[in-house]
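Enquirer: One file is attached below, data18.cif, containing mmCIF, C-alpha atoms and all ligand atoms.
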```cif
data_query
#
loop_
_atom_site.label_atom_id
_atom_site.label_comp_id
_atom_site.auth_asym_id
_atom_site.auth_seq_id
_atom_site.Cartn_x
_atom_site.Cartn_y
_atom_site.Cartn_z
CA MET A 935 -82.02 -70.22 23.67
CA LYS A 936 -84.19 -68.77 26.46
CA ILE A 937 -82.61 -67.32 29.59
CA LEU A 938 -85.02 -67.74 32.51
CA LYS A 939 -84.13 -66.00 35.75
CA THR A 940 -87.14 -66.73 37.94
CA LYS A 941 -88.85 -69.95 39.02
CA GLU A 942 -92.15 -68.56 37.74
CA ALA A 943 -90.72 -68.01 34.24
CA MET A 944 -89.04 -71.43 34.35
CA ARG A 945 -92.23 -73.26 35.32
CA ALA A 946 -94.31 -71.39 32.72
CA TRP A 947 -91.82 -72.39 30.01
CA SER A 948 -91.82 -76.04 31.16
CA PHE A 949 -95.63 -76.19 31.38
CA ALA A 950 -95.80 -74.92 27.79
CA GLN A 951 -93.37 -77.64 26.67
CA LYS A 952 -95.41 -80.30 28.45
CA ALA A 953 -98.66 -78.97 26.98
CA ALA A 954 -97.04 -79.41 23.56
CA GLY A 955 -96.25 -83.03 24.47
CA LYS A 956 -92.49 -82.50 24.67
CA SER A 957 -90.13 -84.39 27.00
CA ILE A 958 -87.76 -82.24 29.07
CA GLY A 959 -84.14 -83.17 29.80
CA PHE A 960 -82.32 -81.31 32.56
CA VAL A 961 -78.66 -80.72 33.44
CA PRO A 962 -78.11 -79.01 36.80
CA THR A 963 -74.73 -77.27 37.17
CA MET A 964 -72.94 -74.52 39.04
CA GLY A 965 -71.55 -73.13 35.76
CA ALA A 966 -67.85 -72.71 34.90
CA LEU A 967 -68.66 -75.31 32.28
CA HIS A 968 -66.17 -77.80 30.84
CA GLU A 969 -66.33 -80.93 28.68
CA GLY A 970 -67.75 -82.96 31.60
CA HIS A 971 -70.80 -80.69 31.66
CA ALA A 972 -70.88 -80.75 27.85
CA SER A 973 -71.20 -84.56 27.86
CA LEU A 974 -74.26 -84.28 30.12
CA MET A 975 -75.80 -81.58 27.91
CA ARG A 976 -75.22 -83.63 24.76
CA ALA A 977 -76.88 -86.68 26.34
CA SER A 978 -79.85 -84.54 27.35
CA VAL A 979 -80.20 -83.01 23.89
CA ALA A 980 -79.97 -86.46 22.28
CA GLY A 981 -82.47 -88.09 24.66
CA ASN A 982 -85.22 -85.48 25.01
CA ASP A 983 -87.35 -83.13 22.91
CA VAL A 984 -86.08 -80.04 24.77
CA SER A 985 -83.27 -79.51 27.29
CA VAL A 986 -82.71 -77.14 30.20
CA LEU A 987 -79.36 -76.27 31.76
CA SER A 988 -79.36 -74.66 35.18
CA ILE A 989 -76.50 -72.47 36.35
CA PHE A 990 -76.76 -71.81 40.06
CA VAL A 991 -73.96 -71.64 42.61
CA ASN A 992 -75.89 -73.04 45.55
CA PRO A 993 -74.97 -71.36 48.85
CA THR A 994 -76.44 -74.10 51.07
CA GLN A 995 -73.90 -76.70 49.92
CA PHE A 996 -70.91 -74.57 50.93
CA ALA A 997 -69.64 -74.26 54.50
CA PRO A 998 -68.64 -70.74 55.60
CA HIS A 999 -64.92 -71.53 55.17
CA GLU A 1000 -65.40 -72.96 51.64
CA ASP A 1001 -65.14 -71.28 48.22
CA TYR A 1002 -68.70 -69.99 47.59
CA GLY A 1003 -67.46 -66.43 47.06
CA GLN A 1004 -64.54 -67.44 44.83
CA TYR A 1005 -66.33 -70.14 42.84
CA PRO A 1006 -65.59 -69.38 39.15
CA ARG A 1007 -68.38 -67.61 37.28
CA THR A 1008 -67.94 -67.70 33.49
CA TRP A 1009 -71.41 -66.70 32.26
CA ASP A 1010 -70.56 -65.70 28.67
CA THR A 1011 -68.56 -68.79 27.76
CA ASP A 1012 -71.11 -71.01 29.54
CA LEU A 1013 -73.89 -69.55 27.40
CA ALA A 1014 -71.89 -70.03 24.20
CA MET A 1015 -71.23 -73.70 25.04
CA ALA A 1016 -74.87 -74.39 25.90
CA GLU A 1017 -76.10 -72.68 22.75
CA GLU A 1018 -73.67 -74.60 20.54
CA ILE A 1019 -74.77 -77.93 22.02
CA GLY A 1020 -78.43 -77.12 21.47
CA ILE A 1021 -79.74 -76.37 24.97
CA ASP A 1022 -83.19 -74.75 24.70
CA ALA A 1023 -83.35 -72.87 28.01
CA ILE A 1024 -81.02 -71.79 30.77
CA TYR A 1025 -82.42 -71.48 34.28
CA ALA A 1026 -80.28 -69.08 36.31
CA PRO A 1027 -82.15 -67.94 39.43
CA GLU A 1028 -80.86 -65.52 42.06
CA ALA A 1029 -79.86 -67.06 45.40
CA GLY A 1030 -82.29 -64.73 47.20
CA SER A 1031 -85.26 -66.08 45.25
CA ILE A 1032 -84.31 -69.71 45.93
CA TYR A 1033 -83.71 -69.07 49.65
CA PRO A 1034 -85.86 -66.05 50.60
CA GLU A 1035 -86.00 -64.57 54.09
CA GLY A 1036 -87.48 -67.16 56.46
CA TYR A 1037 -86.51 -70.17 54.34
CA ALA A 1038 -86.68 -73.26 56.60
CA THR A 1039 -87.08 -76.50 54.60
CA TYR A 1040 -84.26 -78.95 53.82
CA VAL A 1041 -84.12 -82.39 52.24
CA ASN A 1042 -81.99 -84.97 54.01
CA VAL A 1043 -81.33 -88.36 52.38
CA GLU A 1044 -80.41 -90.76 55.17
CA GLY A 1045 -77.89 -93.58 54.93
CA LEU A 1046 -76.31 -92.70 51.60
CA SER A 1047 -75.30 -89.27 52.95
CA VAL A 1048 -73.07 -90.87 55.61
CA GLY A 1049 -69.33 -91.23 54.95
CA LEU A 1050 -67.15 -90.23 51.99
CA CYS A 1051 -67.63 -86.51 51.23
CA SER A 1052 -69.87 -85.89 54.25
CA GLY A 1053 -66.87 -86.43 56.55
CA THR A 1054 -65.30 -83.07 55.76
CA ARG A 1055 -68.44 -81.50 54.24
CA PRO A 1056 -71.22 -82.41 56.72
CA HIS A 1057 -73.85 -80.04 55.26
CA PHE A 1058 -72.99 -80.65 51.63
CA PHE A 1059 -75.55 -83.32 50.67
CA ARG A 1060 -78.37 -81.63 52.54
CA GLY A 1061 -77.69 -78.53 50.44
CA VAL A 1062 -77.46 -80.53 47.21
CA ALA A 1063 -80.62 -82.59 47.84
CA THR A 1064 -82.53 -79.44 48.79
CA VAL A 1065 -81.51 -77.41 45.76
CA VAL A 1066 -82.03 -80.30 43.32
CA THR A 1067 -85.55 -80.80 44.73
CA LYS A 1068 -86.25 -77.12 44.17
CA LEU A 1069 -84.72 -77.17 40.68
CA PHE A 1070 -86.82 -80.24 39.77
CA ASN A 1071 -89.94 -78.40 41.00
CA ALA A 1072 -89.18 -75.46 38.71
CA VAL A 1073 -87.91 -77.32 35.62
CA LEU A 1074 -90.31 -80.31 35.82
CA PRO A 1075 -87.92 -82.59 33.90
CA ASP A 1076 -88.57 -86.09 32.64
CA ARG A 1077 -84.86 -86.96 32.84
CA ALA A 1078 -81.98 -85.37 34.72
CA TYR A 1079 -78.30 -85.96 33.95
CA PHE A 1080 -75.58 -86.19 36.59
CA GLY A 1081 -71.89 -87.16 36.44
CA GLN A 1082 -70.31 -90.25 38.00
CA LYS A 1083 -67.54 -87.88 39.05
CA ASP A 1084 -69.82 -87.02 42.00
CA ALA A 1085 -70.84 -90.65 42.55
CA GLN A 1086 -72.17 -90.29 46.09
CA GLN A 1087 -74.21 -87.26 45.00
CA CYS A 1088 -75.63 -89.25 42.08
CA ALA A 1089 -76.68 -92.13 44.36
CA ILE A 1090 -78.30 -89.65 46.78
CA ILE A 1091 -80.22 -87.82 44.03
CA THR A 1092 -81.42 -91.13 42.57
CA ARG A 1093 -82.70 -92.23 45.99
CA MET A 1094 -84.29 -88.84 46.62
CA ALA A 1095 -86.01 -88.74 43.22
CA GLN A 1096 -87.54 -92.16 43.95
CA ASP A 1097 -88.43 -91.49 47.57
CA LEU A 1098 -90.11 -88.14 46.87
CA ASP A 1099 -92.07 -89.47 43.85
CA SER A 1100 -90.52 -86.83 41.60
CA GLY A 1101 -91.17 -88.82 38.44
CA VAL A 1102 -87.69 -87.82 37.25
CA GLU A 1103 -85.40 -90.46 35.75
CA VAL A 1104 -81.86 -89.85 37.00
CA VAL A 1105 -79.18 -90.74 34.44
CA GLU A 1106 -75.54 -91.16 35.48
CA MET A 1107 -72.91 -90.27 32.88
CA PRO A 1108 -69.24 -91.42 32.83
CA ILE A 1109 -66.39 -89.25 34.13
CA VAL A 1110 -64.84 -87.06 31.44
CA ARG A 1111 -61.06 -86.68 31.83
CA GLU A 1112 -58.27 -84.53 30.45
CA ALA A 1113 -55.92 -86.31 28.02
CA ASP A 1114 -53.55 -87.16 30.90
CA GLY A 1115 -56.32 -88.63 33.06
CA LEU A 1116 -57.17 -85.76 35.43
CA ALA A 1117 -60.94 -85.72 36.01
CA MET A 1118 -62.37 -82.47 34.64
CA SER A 1119 -63.62 -80.11 37.33
CA SER A 1120 -64.50 -76.44 37.56
CA ARG A 1121 -62.08 -76.33 40.52
CA ASN A 1122 -59.13 -77.39 38.32
CA ARG A 1123 -58.95 -73.67 37.46
CA TYR A 1124 -57.59 -73.07 40.96
CA LEU A 1125 -54.50 -75.25 40.31
CA SER A 1126 -51.05 -73.80 39.63
CA ASP A 1127 -48.84 -75.76 37.21
CA ALA A 1128 -47.19 -77.48 40.17
CA ASP A 1129 -50.58 -78.31 41.75
CA ARG A 1130 -51.83 -79.56 38.40
CA ALA A 1131 -48.88 -81.98 38.15
CA GLN A 1132 -49.52 -83.22 41.71
CA ALA A 1133 -53.26 -83.61 41.07
CA LEU A 1134 -52.51 -86.31 38.51
CA CYS A 1135 -51.78 -88.73 41.35
CA LEU A 1136 -55.53 -89.14 41.98
CA SER A 1137 -56.35 -90.61 38.57
CA GLN A 1138 -53.01 -92.42 38.37
CA SER A 1139 -53.60 -94.13 41.72
CA LEU A 1140 -57.10 -95.14 40.65
CA ALA A 1141 -55.64 -96.53 37.42
CA ALA A 1142 -53.20 -98.63 39.48
CA ALA A 1143 -56.11 -99.84 41.60
CA GLN A 1144 -58.05 -100.69 38.46
CA ALA A 1145 -55.13 -102.82 37.26
CA ALA A 1146 -54.99 -104.63 40.62
CA LEU A 1147 -58.75 -105.25 40.55
CA ASP A 1148 -58.56 -106.50 36.97
CA ALA A 1149 -55.75 -108.85 38.05
CA GLY A 1150 -58.04 -110.32 40.71
CA GLU A 1151 -57.25 -108.42 43.94
CA ARG A 1152 -60.34 -108.64 46.17
CA ASP A 1153 -59.05 -107.36 49.52
CA ALA A 1154 -60.33 -103.81 50.04
CA GLU A 1155 -57.51 -102.89 52.43
CA VAL A 1156 -54.87 -103.90 49.88
CA VAL A 1157 -56.53 -101.82 47.17
CA LYS A 1158 -56.97 -98.79 49.44
CA ALA A 1159 -53.34 -99.01 50.61
CA LEU A 1160 -52.21 -99.04 46.98
CA VAL A 1161 -54.20 -95.87 46.30
CA ARG A 1162 -53.02 -94.15 49.50
CA ASP A 1163 -49.40 -94.89 48.59
CA GLY A 1164 -49.94 -93.38 45.14
CA MET A 1165 -51.42 -90.24 46.70
CA ALA A 1166 -48.68 -89.74 49.30
CA ALA A 1167 -47.69 -86.36 47.81
CA VAL A 1168 -51.11 -84.74 48.41
CA GLU A 1169 -53.23 -84.10 51.50
CA ILE A 1170 -55.65 -87.06 51.44
CA ASP A 1171 -59.18 -86.39 52.69
CA TYR A 1172 -60.31 -89.99 52.17
CA VAL A 1173 -59.68 -93.17 50.19
CA GLU A 1174 -62.77 -95.36 50.55
CA LEU A 1175 -63.99 -98.58 49.01
CA VAL A 1176 -67.75 -98.98 49.38
CA ASP A 1177 -70.76 -100.86 48.05
CA ALA A 1178 -71.75 -98.77 44.99
CA ALA A 1179 -75.45 -99.10 45.83
CA THR A 1180 -75.43 -98.37 49.57
CA MET A 1181 -72.13 -96.48 50.11
CA ALA A 1182 -71.38 -98.87 53.01
CA PRO A 1183 -67.64 -99.65 53.48
CA LEU A 1184 -66.51 -103.10 52.35
CA ASP A 1185 -63.70 -105.45 53.43
CA THR A 1186 -64.07 -107.79 50.46
CA ILE A 1187 -64.76 -106.90 46.86
CA ASP A 1188 -67.63 -109.25 46.15
CA ARG A 1189 -70.15 -106.92 44.49
CA ARG A 1190 -70.33 -103.70 42.43
CA ILE A 1191 -68.00 -101.32 44.23
CA LEU A 1192 -67.15 -97.64 44.27
CA LEU A 1193 -63.53 -96.75 44.99
CA ALA A 1194 -63.58 -93.03 45.77
CA VAL A 1195 -60.89 -90.53 46.70
CA ALA A 1196 -60.77 -86.91 47.82
CA ALA A 1197 -57.73 -84.75 48.44
CA GLN A 1198 -56.71 -81.17 48.97
CA VAL A 1199 -54.29 -80.17 46.22
CA GLY A 1200 -53.06 -76.62 46.70
CA PRO A 1201 -56.19 -74.46 46.98
CA ALA A 1202 -58.53 -77.08 45.44
CA ARG A 1203 -60.37 -79.98 47.01
CA LEU A 1204 -60.51 -82.61 44.26
CA ILE A 1205 -62.45 -85.88 44.01
CA ASP A 1206 -62.27 -88.84 41.66
CA ASN A 1207 -63.48 -92.44 41.62
CA LEU A 1208 -63.93 -95.67 39.76
CA LYS A 1209 -66.63 -98.31 39.75
CA PHE A 1210 -65.82 -101.97 39.39
CA VAL A 1211 -67.83 -105.17 39.11
CA PRO A 1212 -65.90 -108.40 39.89
CA SER A 1213 -65.84 -110.69 36.87
CA GLU A 1214 -66.95 -113.57 39.16
CA ILE A 1215 -70.38 -112.00 39.54
CA THR A 1216 -70.79 -110.83 35.94
CA GLN A 1217 -69.50 -114.09 34.40
CA GLY A 1218 -66.98 -112.24 32.29
CA ALA A 1219 -69.06 -109.16 31.37
CA SER A 1220 -67.35 -105.87 32.14
CA ALA A 1221 -68.92 -102.92 33.95
CA PRO A 1222 -71.22 -100.83 31.74
CA ALA A 1223 -69.30 -97.91 30.28
CA GLU A 1224 -72.19 -96.01 28.71
CA ALA A 1225 -74.87 -93.89 30.32
CA GLU A 1226 -76.86 -95.91 32.80
CA ALA A 1227 -79.71 -95.40 35.19
CA CYS A 1228 -78.00 -94.32 38.38
CA CYS A 1229 -77.11 -97.01 40.92
P1 LIG B 1301 -70.96 -78.97 39.08
O1 LIG B 1301 -71.16 -77.82 38.18
O2 LIG B 1301 -69.54 -79.20 39.47
O3 LIG B 1301 -71.91 -78.97 40.24
O4 LIG B 1301 -71.34 -80.27 38.24
C1 LIG B 1301 -72.56 -80.36 37.56
C2 LIG B 1301 -72.72 -81.76 37.04
O5 LIG B 1301 -71.64 -82.05 36.15
C3 LIG B 1301 -72.69 -82.82 38.15
O6 LIG B 1301 -73.66 -83.80 37.86
C4 LIG B 1301 -71.30 -83.37 38.03
O7 LIG B 1301 -71.18 -84.71 38.47
C5 LIG B 1301 -71.06 -83.28 36.54
N1 LIG B 1301 -69.63 -83.31 36.24
C6 LIG B 1301 -68.67 -82.51 36.78
N2 LIG B 1301 -67.45 -82.88 36.34
C7 LIG B 1301 -67.64 -83.93 35.51
C8 LIG B 1301 -66.77 -84.75 34.73
N3 LIG B 1301 -65.45 -84.59 34.73
N4 LIG B 1301 -67.33 -85.74 34.00
C9 LIG B 1301 -68.66 -85.94 34.00
N5 LIG B 1301 -69.54 -85.20 34.69
C10 LIG B 1301 -69.04 -84.20 35.44
#
```
What does the file become when written as structure tokens?
Expert:
Amino acid sequence: MKILKTKEAMRAWSFAQKAAGKSIGFVPTMGALHEGHASLMRASVAGNDVSVLSIFVNPTQFAPHEDYGQYPRTWDTDLAMAEEIGIDAIYAPEAGSIYPEGYATYVNVEGLSVGLCSGTRPHFFRGVATVVTKLFNAVLPDRAYFGQKDAQQCAIITRMAQDLDSGVEVVEMPIVREADGLAMSSRNRYLSDADRAQALCLSQSLAAAQAALDAGERDAEVVKALVRDGMAAVEIDYVELVDAATMAPLDTIDRRILLAVAAQVGPARLIDNLKFVPSEITQGASAPAEAEACC
């Protein structure tokens, strides 16, 4: 497994792969890897000739009061996991080389970046879209793998990849959960035992909403109220029910929807979500559970 620390080395490696006719799969991460990241890496290894993992804690997606400085860095165990899964190269640039003195260019995806996580993190998606553009330019992937856990991010990256003619196919992978339902996250490391127990209310509330949706509930307010009630013990950032394709809020569940939640639990801001397609519009087929091209 190659460790590539500069964009020049990364591009040279990728050009060599392309010259040899190989397809490149790519998994962008901020490290502190867990089974959610592993599922993306496995999909990349299975679907491409060679695979690149990036580990880069991106400063432009953190606000000054957020956890950039404290974000967990677990380089040695990350490398071991990537190697075991069969990743061919790790791209781990320095922040100073990605954003040198005088850096002035940002990517802003309109529409989809409004609402949900942008409410409390107004610069977040600009930072994500910018760094993913720059990572794509260095790695030159054919396919890139993202998690549904960050559903708004996935929709934004899909839009951006299309709009900027990147030629990258964005693949969305299902949320990987702990045995008790908690969505895996690098930030779960911040949770005390008591926080960890409280954090369960996110996935449990979504499970209750899923049951209501399966039973035929189609009023968005009713579903959101159910989730809010279930999350009463934590500091809710948002509970939103939106069109999964446009991220526009809905009153009635009459299309493919995203039900997304965010909450502060102790020191960690956690997110979780579900997607649902009403049986009326799929004539009995259920929502796809496997990897899918992003919405
Ligand atoms: P991060 O390192 O948190 O920026 O995440 C890197 C990628 O892993 C993103 O595409 C995330 O959506 C994805 N990811 C994070 N947690 C999970 C999870 N529990 N299940 C699936 N994918 C995940």
Enquirer: Would you mind listing the residues within 9 Å of ligand LIG 1301 (chain B), counting all atoms listed in the file, as a PyMOL selection string?
Expert: chain A and resi 961-974+989-992+1079-1085+1087-1088+1106-1112+1116-1121+1206
Enquirer: Got a sec to check which residues sit within 12 Å of (-88.4, -70.7, 32.7), counting only C-alpha atoms, and write them as a PyMOL selection string?
Expert: chain A and resi 935-951+985-988+1022-1027+1069-1075
Enquirer: What is the atom CA of Leu1184 of chain A-atom CA of Val1199 of chain A distance in Å, reported with one decimal?
Expert: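 Here the two named atoms are 26.7 Å from each other.
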Enquirer: Please measure the separation of atom CA of Leu1193 of chain A and atom CA of Val1173 of chain A, giving the value in Å to one decimal.
Expert: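 Computing the Euclidean distance for atom CA of Leu1193 of chain A and atom CA of Val1173 of chain A yields 7.4 Å.
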Enquirer: What is the distance, in Å and to one decimal place, between atom CA of Lys1068 of chain A and atom CA of Asp983 of chain A?
Expert: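 Computed distance, atom CA of Lys1068 of chain A to atom CA of Asp983 of chain A, equals 22.1 Å.
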Enquirer: Give me the residues of segment 1056-1101 of chain A that have any atom at most 6 Å from an atom of segment 1032-1046 of chain A; for each, the nearest atom pair and the distance in Å, rounded to one decimal. Use all atoms listed in the file, sort by chain and number, and format it as a Markdown table.
Expert:
```
| residue | atom | partner | partner_atom | distance |
| --- | --- | --- | --- | --- |
| A:Arg1060 | CA | A:Asn1042 | CA | 5.1 |
| A:Ala1063 | CA | A:Val1041 | CA | 5.6 |
| A:Thr1064 | CA | A:Val1041 | CA | 4.8 |
```
Enquirer: Just the selected residues (C-alpha atoms), exported as a compact mmCIF listing (two decimals), in the coordinates of the input, please.
Expert:
```
# COMPACT_ATOMS: atom_id res chain seq x y z
CA ARG A 1060 -78.37 -81.63 52.54
CA ALA A 1063 -80.62 -82.59 47.84
CA THR A 1064 -82.53 -79.44 48.79
```
Enquirer: Go through A:Arg1203, A:Arg1152, A:Arg1123, A:Arg1077 and flag the residue nearest Gly981 of chain A, using all atoms listed in the file for the distances.
Expert: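 Going through A:Arg1203, A:Arg1152, A:Arg1123, A:Arg1077 one by one, the smallest distance to Gly981 of chain A is for A:Arg1077.
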Enquirer: Need to verify the contact set: Val1195 of chain A, 10 Å, all atoms listed in the file, exclusion of same-chain residues closer than 4 positions in sequence. Can you return it as a list in words?
Expert: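 Near neighbours after the sequence-gap exclusion: Leu1050, Cys1051, Leu1136, Ser1137, Ser1139, Leu1140, Lys1158, Val1161, Arg1162, Met1165, Ile1170, Asp1171, Tyr1172, Val1173, Glu1174, Leu1175, Leu1204, Ile1205, Asp1206, Asn1207 and Leu1208 of chain A.
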Enquirer: Near Pro1201 of chain A, counting all atoms listed in the file, which residues have an atom at most 10 Å away, once you skip same-chain residues fewer than 3 positions from it, shown as a ChimeraX atom specification?
Expert: /A:1001,1121-1126,1129,1198,1204
Enquirer: Between A:Leu1192, A:Ile1021, A:Val1065, A:Ala1133, which is the closest to Ala977 of chain A once you count only C-alpha atoms?
Expert: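 The closest residue to Ala977 of chain A is A:Ile1021.
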Enquirer: Do a neighbour search on Ile1191 of chain A at 10 Å with all atoms listed in the file, toss out local chain neighbours closer than 3 positions, and write the hits as a list in words.
Expert: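 The contact residues come out as Ala1154, Leu1175, Val1176, Asp1177, Ala1178, Ala1179, Thr1180, Met1181, Ala1182, Pro1183, Leu1184, Thr1186, Ile1187, Asp1188, Ala1194, Leu1208, Lys1209, Phe1210, Val1211 and Pro1212 of chain A.
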Enquirer: Have a look at A:Val1156, A:Ala1143, A:Ile958, A:Ala1149 and name the one nearest to Ser1213 of chain A; count only C-alpha atoms.
Expert: A:Ala1149
Enquirer: Between A:Pro1056, A:Gly959, A:Pro993, A:Gly1101, which one has atoms that come closest to Gly1020 of chain A, using all atoms listed in the file?
Expert: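 Going through A:Pro1056, A:Gly959, A:Pro993, A:Gly1101 one by one, the smallest distance to Gly1020 of chain A is for A:Gly959.
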Enquirer: Which is closer to Gly1200 of chain A than all the others in A:Leu1013, A:Asp1127, A:Asp1076, A:Tyr1002, using only C-alpha atoms?
Expert: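 Going through A:Leu1013, A:Asp1127, A:Asp1076, A:Tyr1002 one by one, the smallest distance to Gly1200 of chain A is for A:Asp1127.
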